[in-house]
Number of protein chains: 2
Amino acid sequence: MSDLLPDPRSGAGTNLDRWYDTYAARTAGLAASEVRALFAVASRPEVVSLAGGMPYVRAIPRELIATAFDRLLLEDAPAALQYGSGQGTPRLREHILEVMALEGIHASADDVVTTTGSQQAIDLVTKLFIDPGDVVLAEGPSYVGALGVFRSYQAEVVHVPLDADGLIPEALEAAIATQKAAGRHIKFLYTVPNFHNPAGVTLSAERRPRIVQICSDAGVLIVEDNPYGLLWFDAPPPPPLQTLNPDGVVYLGSFSKTFAPGFRVGWAVAPHAVKEKLVLAAESAILSPSTFSHYLISEYLETVDWQGQIATFRDVYRERRDAILAALAKYLPDLTWNVPDGGFYVWVGLPDELHSKQMLPRAVRELVAYTPGTGFYADGQGGRQMRLSFCYPTPAEIEVGVQRLAAVVNGELELVRSFRGTGSLTPSTPEHSVTTPPPDLR
Amino acid sequence: MSDLLPDPRSGAGTNLDRWYDTYAARTAGLAASEVRALFAVASRPEVVSLAGGMPYVRAIPRELIATAFDRLLLEDAPAALQYGSGQGTPRLREHILEVMALEGIHASADDVVTTTGSQQAIDLVTKLFIDPGDVVLAEGPSYVGALGVFRSYQAEVVHVPLDADGLIPEALEAAIATQKAAGRHIKFLYTVPNFHNPAGVTLSAERRPRIVQICSDAGVLIVEDNPYGLLWFDAPPPPPLQTLNPDGVVYLGSFSKTFAPGFRVGWAVAPHAVKEKLVLAAESAILSPSTFSHYLISEYLETVDWQGQIATFRDVYRERRDAILAALAKYLPDLTWNVPDGGFYVWVGLPDELHSKQMLPRAVRELVAYTPGTGFYADGQGGRQMRLSFCYPTPAEIEVGVQRLAAVVNGELELVRSFRGTGSLTPSTPEHSVTTPPPDLR
């Protein structure tokens with residue numbers, strides 16, 4: 001049917017896009033994500049990946065899954081194979097209340113909307129609230145996957161700095177004032193209060209009511225993303241912001257880190273009217289979530305010692321946190337980093353002469369991967385930082401990875417310093433790009 | 001923390017929405033879907049539901065699933081529990097090629113993007129292409145779930161009529177000309193060529209190249225939604241539009257009807273550059289699809305006689321199609337309907353005096369449910385039609401359901417005709433609302 005192809009440029013073998021002129025304006029904001037590219041790198045067995053945030057699911061005994069599946073098949077196969085409610089099965093939503101109660105959240109199953117991972121909850125909340133040009137406040141740095149969503153709905157991200165105690169209240173107040181003075185519409189604050197991705201810090205108990213009060217006073221909704229809260233190492237983090245003002249917070253949770261990401265089940269708890277709209281948005285996007293996944297997770301939660309499994313995860317990740325801190329102290333004592341009390345990440349500061357994104361191709365050649373800090377800012381910051389994930393590699397692999405990283409850092413430093421003054425190796429200005437991966441990782 | 005609640009109206013127990021003024025413009029287009037409401041009705045056991053499009057998953061022997069699961073657990077548990085590629089597992093995308101080959105599509109696994117049901121593919125394509133006010137051409141009637149997506153991105157839907165041979169080429173040409181003359185941007189034609197939802201008709205072989213040529217000439221992308229193509233009763237439908245011009249068609253497929261919807265796995269096949277953007281949009285929305293579902297479906301396709309299972313589905317649905325046609329002929333001989341050659345739906349015309357949406361509450365009281373035609377139009381048409389689904393109830397239940405429906409139709413007709421001339425029971429003007437459910441079904 002070659003007569004159906006009026007434009008020969010559109011034939012196979014070229015990369016010209018016949019539909020180039022027909023995309024929506026928002027599509028210009030879509031770019032290949034570093035997360036995706038880094039998954040590809042991490043899957044090469046010779047590379048020690050300190051890049052991706054993949055949980056160590058091998059810590060889950062497979063018989064736990066088998067038991068859950070057997071019960072599902074015996075009791076609920078026809079329902080589990082069918083379409084379900086757009087909000088998620090009532091039974092799983094009841095189970096989610098039990099999970100959240102561990103962190104102090106008391107809600108009704110009617111307040112819960114399940115999503116395809118909490119990523120979809122970020123997407124749906126953004127779709128509900130963001131008109132092009134609206135402002136989202138987010139920590140600087142912030143979760144790369146959320147920044148991608150915000151950009152895909154043409155939001156303007158305004159970063160608010162954090163320190164060792166998390167988001168800085170005074171900086172939040174200042175950012176709100178500046179944006180309001182400029183006549184811009186702030187729609188929500190996106191925040192990861194516990195074991196922050198990528199910064200590894202936790203919002204202090206003292207700051208939590210202040211953050212909530214500032215947002216409440218300013219009429220700014222809080223989107224509280226809490227995938228790591230149960231993965232503390234020594235003591236639980238302070239209660240979620242949601243407990244301080246349920247009407248002012250959309251709270252996001254996930255089974256991806258406390259059970260397994262392969263089922264893609266997360267959830268949102270939202271004020272009643274927002275919840276109603278979230279359900280409609282979810283139905284529009286996917287009709288209903290995976291009923292099969294919901295039944296399987298419900299069986300898992302009813303059948304096995306899932307809290308014991310979370311304790312196992314804590315032990316696994318604590319050991320790996322200790323391993324990465326020890327390796328940093330041993331091999332890269334001149335760098336700076338934080339000491340995370342839970343979660344998956346250490347945020348590492350580089351010497352001024354280096355640029356994390358420019359250094360990455362060399363690191364990959366040396367068989368170690370990390371995530372450059374630039375991915376976690378919407379405005380080109382982050383060149384002096386990198387995120388190291390300690391969740392997936394074993395302690396022994398972590399030591400090897402940091403050792404390789406030290407060789408890369410020291411080699412780059414030596415190179416830069418030996419050319420100092422010539423300007424030829426001065427790092428260039430960081431690009432204003434959230435997620436463009438480095439060429440070696442495309 | 002009651003001092004954190006500056007507005008007492010926002011407290012629990014009221015339905016006032018503190019965030020009412022902060023939603024995006026597009027959020028006004030979200031409304032409760034009839035599909036969702038009808039799921040609730042259909043789940044009441046005393047109601048014969050001819051409403052929802054739920055496949056008859058009890059036809060799947062549960063040992064088929066068990067076999068697939070056992071292999072998954074033995075061979076691939078850690079990978080199946082992990083995050084995966086945003087595009088879907090390479091193995092499942094290879095399997096999808098085998099499924100599509102049955103309908104004549106020859107593609108590369110690289111052209112396939114998996115989605116959370118094909119509903120998500122509709123959502124992502126719309127997100128990529130639609131700016132507010134852009135035009136989507138769609139059959140009149142069209143799939144209610146697609147209309148909801150189009151509205152959620154502020155598209156203008158322009159309906160193109162169909163007849164017993166599917167979409168009418170001359171009407172498509174006229175619609176394109178009218179829209180272009182009005183200076184509007186037509187972004188794509190959304191079409192269900194096989195066993196149309198809701199109209200039950202199939203686009204004829206003669207019309208297929210004409211439709212493709214018209215769109216190609218006009219620079220209009222085709223979004224071809226084909227969830228039912230393999231569920232033919234006597235002979236396969238003509239080859240998909242995609243085979244006639246792969247560069248001009250985004251083709252959508254699904255495992256929901258040929259296997260089970262509970263896994264929420266669908267896919268899109270798109271021209272290369274569009275596919276690249278679809279992957280990015282999918283990653284932004286959900287990071288990655290359910291790896292577990294992908295592994296399970298791959299095992300199912302490798303382990304069992306899945307084509308035999310599809311043949312079983314054909315037999316089941318053919319028998320039910322025959323049952324509903326026989327019941328219509330027996331109990332409602334004065335109505336009009338089409339004879340579907342596959343799929344799930346019969347499209348029934350009502351006498352002029354009746355209105356399908358207004359009649360529905362009475363039908364539900366009489367313990368039979370259907371979908372009013374109004375749900376399938378963006379412009380208030382459809383009051384004289386209803387969709388009857390024959391996929392889920394047994395033949396015996398179908399006969400009971402149609403018998404009850406006949407009592408409702410005849411009772412309403414008698415009422416209307418006995419009041420003729422008074423005007424008091426004249427059906428009111430249909431509302432311009434895609435998806436507002438009738439009050440009894442909320």
# chains A, B, ... in the order shown; residues from 1 in each chain; ligands from 1
call {"tool": "closest_atom_pairs", "arguments": {"of": "chain A", "to": "chain B", "cutoff": "6 Å", "atoms": "only C-alpha atoms", "output": "CSV"}}
result
residue,atom,partner,partner_atom,distance
A:Leu4,CA,B:Gln213,CA,5.8
A:Asp17,CA,B:Ala273,CA,5.6
A:Tyr23,CA,B:Phe129,CA,4.3
A:Ala24,CA,B:Phe129,CA,4.5
A:Thr27,CA,B:Leu128,CA,5.5
A:Arg58,CA,B:Pro78,CA,5.7
A:Pro78,CA,B:Arg58,CA,5.7
A:Ala80,CA,B:Gly262,CA,5.9
A:Leu81,CA,B:Gly262,CA,4.0
A:Gln82,CA,B:Gly262,CA,4.6
A:Tyr83,CA,B:Gly262,CA,5.4
A:Gln119,CA,B:Ile286,CA,5.1
A:Gln120,CA,B:Ile286,CA,4.9
A:Asp123,CA,B:Ala285,CA,5.6
A:Leu128,CA,B:Thr27,CA,5.5
A:Phe129,CA,B:Tyr23,CA,4.3
A:Ile130,CA,B:Ala24,CA,5.1
A:Asp131,CA,B:Ala24,CA,5.0
A:Val149,CA,B:Ser284,CA,5.5
A:Gln213,CA,B:Leu4,CA,5.8
A:Leu244,CA,B:Met1,CA,6.0
A:Ala260,CA,B:Leu81,CA,5.5
A:Pro261,CA,B:Gln82,CA,5.4
A:Gly262,CA,B:Leu81,CA,4.1
A:Phe263,CA,B:Ser290,CA,5.1
A:Arg264,CA,B:Ser290,CA,5.4
A:Ala273,CA,B:Asp17,CA,5.6
A:Ser284,CA,B:Val149,CA,5.5
A:Ala285,CA,B:Gln120,CA,5.3
A:Ile286,CA,B:Gln120,CA,4.9
A:Ser290,CA,B:Phe263,CA,5.1
A:Thr291,CA,B:Gly262,CA,4.9
A:Phe292,CA,B:Gly262,CA,5.2
call {"tool": "write_last_selection", "arguments": {"atoms": "C-alpha atoms", "output": "compact mmCIF listing (two decimals), in the first residue's frame"}}
result
# COMPACT_ATOMS: atom_id res chain seq x y z
CA LEU A 4 -0.85 5.37 1.14
CA ASP A 17 8.79 12.04 12.53
CA TYR A 23 2.19 16.93 19.28
CA ALA A 24 0.69 18.82 22.19
CA THR A 27 5.06 16.87 24.87
CA ARG A 58 15.70 -11.34 46.91
CA PRO A 78 -12.64 -15.28 39.09
CA ALA A 80 -8.98 -11.54 40.86
CA LEU A 81 -8.95 -11.99 37.08
CA GLN A 82 -11.77 -9.49 36.51
CA TYR A 83 -11.98 -5.72 36.23
CA GLN A 119 4.26 7.29 40.68
CA GLN A 120 0.75 7.24 39.21
CA ASP A 123 0.82 11.91 37.98
CA LEU A 128 -5.84 17.45 38.76
CA PHE A 129 -4.13 20.62 39.94
CA ILE A 130 -1.65 21.92 37.40
CA ASP A 131 -2.44 24.30 34.61
CA VAL A 149 5.70 14.46 35.92
CA GLN A 213 1.22 25.61 59.34
CA LEU A 244 -1.09 17.09 61.54
CA ALA A 260 7.87 -5.54 45.98
CA PRO A 261 7.68 -3.02 43.13
CA GLY A 262 6.78 -5.66 40.52
CA PHE A 263 3.09 -5.44 41.40
CA ARG A 264 2.99 -1.65 40.92
CA ALA A 273 -13.33 16.03 47.65
CA SER A 284 -9.98 7.82 33.16
CA ALA A 285 -6.32 6.83 33.05
CA ILE A 286 -6.53 3.05 33.55
CA SER A 290 -4.78 -4.65 38.69
CA THR A 291 -7.30 -6.63 40.70
CA PHE A 292 -4.95 -9.59 40.59
call {"tool": "residues_around", "arguments": {"residues": "stretch 97-107 of chain A", "least_positions_apart": "3", "cutoff": "10 Å", "atoms": "only C-alpha atoms", "output": "PyMOL selection string"}}
result
chain A and resi 92-94+110-112+229-230+236-244+246+251+253-255+258+269-270+301+306-307
call {"tool": "select_by_dssp", "arguments": {"residues": "stretch 109-356 of chain A", "states": "alpha helix (DSSP H)", "output": "number ranges by chain"}}
result
A: 117-129, 144-152, 169-181, 207-218, 272-286, 291-303, 306-331, 356
call {"tool": "closest_residue", "arguments": {"among": "A:Gly349, A:Pro227, A:Pro340, A:Gly382", "to": "A:Ile324", "atoms": "only C-alpha atoms"}}
result
A:Pro340
call {"tool": "residues_around", "arguments": {"residues": "B:Asp322", "least_positions_apart": "5", "cutoff": "10 Å", "atoms": "only C-alpha atoms", "output": "ChimeraX atom specification"}}
result
/B:317,327-328,339-340,390,395
call {"tool": "write_last_selection", "arguments": {"atoms": "N, CA and C atoms", "output": "compact mmCIF listing (two decimals), in the first residue's frame"}}
result
# COMPACT_ATOMS: atom_id res chain seq x y z
N TYR B 317 -18.94 -16.78 23.72
CA TYR B 317 -19.59 -15.52 23.36
C TYR B 317 -20.54 -15.69 22.17
N ALA B 327 -33.57 -13.85 22.16
CA ALA B 327 -34.44 -13.25 23.18
C ALA B 327 -35.01 -11.92 22.68
N LEU B 328 -34.22 -11.13 21.98
CA LEU B 328 -34.74 -9.88 21.43
C LEU B 328 -35.86 -10.16 20.44
N VAL B 339 -26.66 -7.36 14.15
CA VAL B 339 -26.21 -8.73 14.41
C VAL B 339 -24.69 -8.72 14.46
N PRO B 340 -24.11 -8.67 15.66
CA PRO B 340 -22.65 -8.59 15.73
C PRO B 340 -21.99 -9.91 15.34
N PHE B 390 -23.57 -8.98 26.00
CA PHE B 390 -23.93 -10.39 26.18
C PHE B 390 -22.74 -11.22 26.66
N PRO B 395 -26.47 -17.72 28.95
CA PRO B 395 -27.61 -17.64 28.03
C PRO B 395 -28.95 -17.62 28.77
call {"tool": "closest_residue", "arguments": {"among": "A:Glu399, A:Glu156, A:Asp352, A:Leu367", "to": "A:Leu413", "atoms": "only C-alpha atoms"}}
result
A:Asp352
call {"tool": "atom_distance", "arguments": {"atom1": "atom CA of B:Val201", "atom2": "atom CA of B:His159"}}
result
16.0 Å
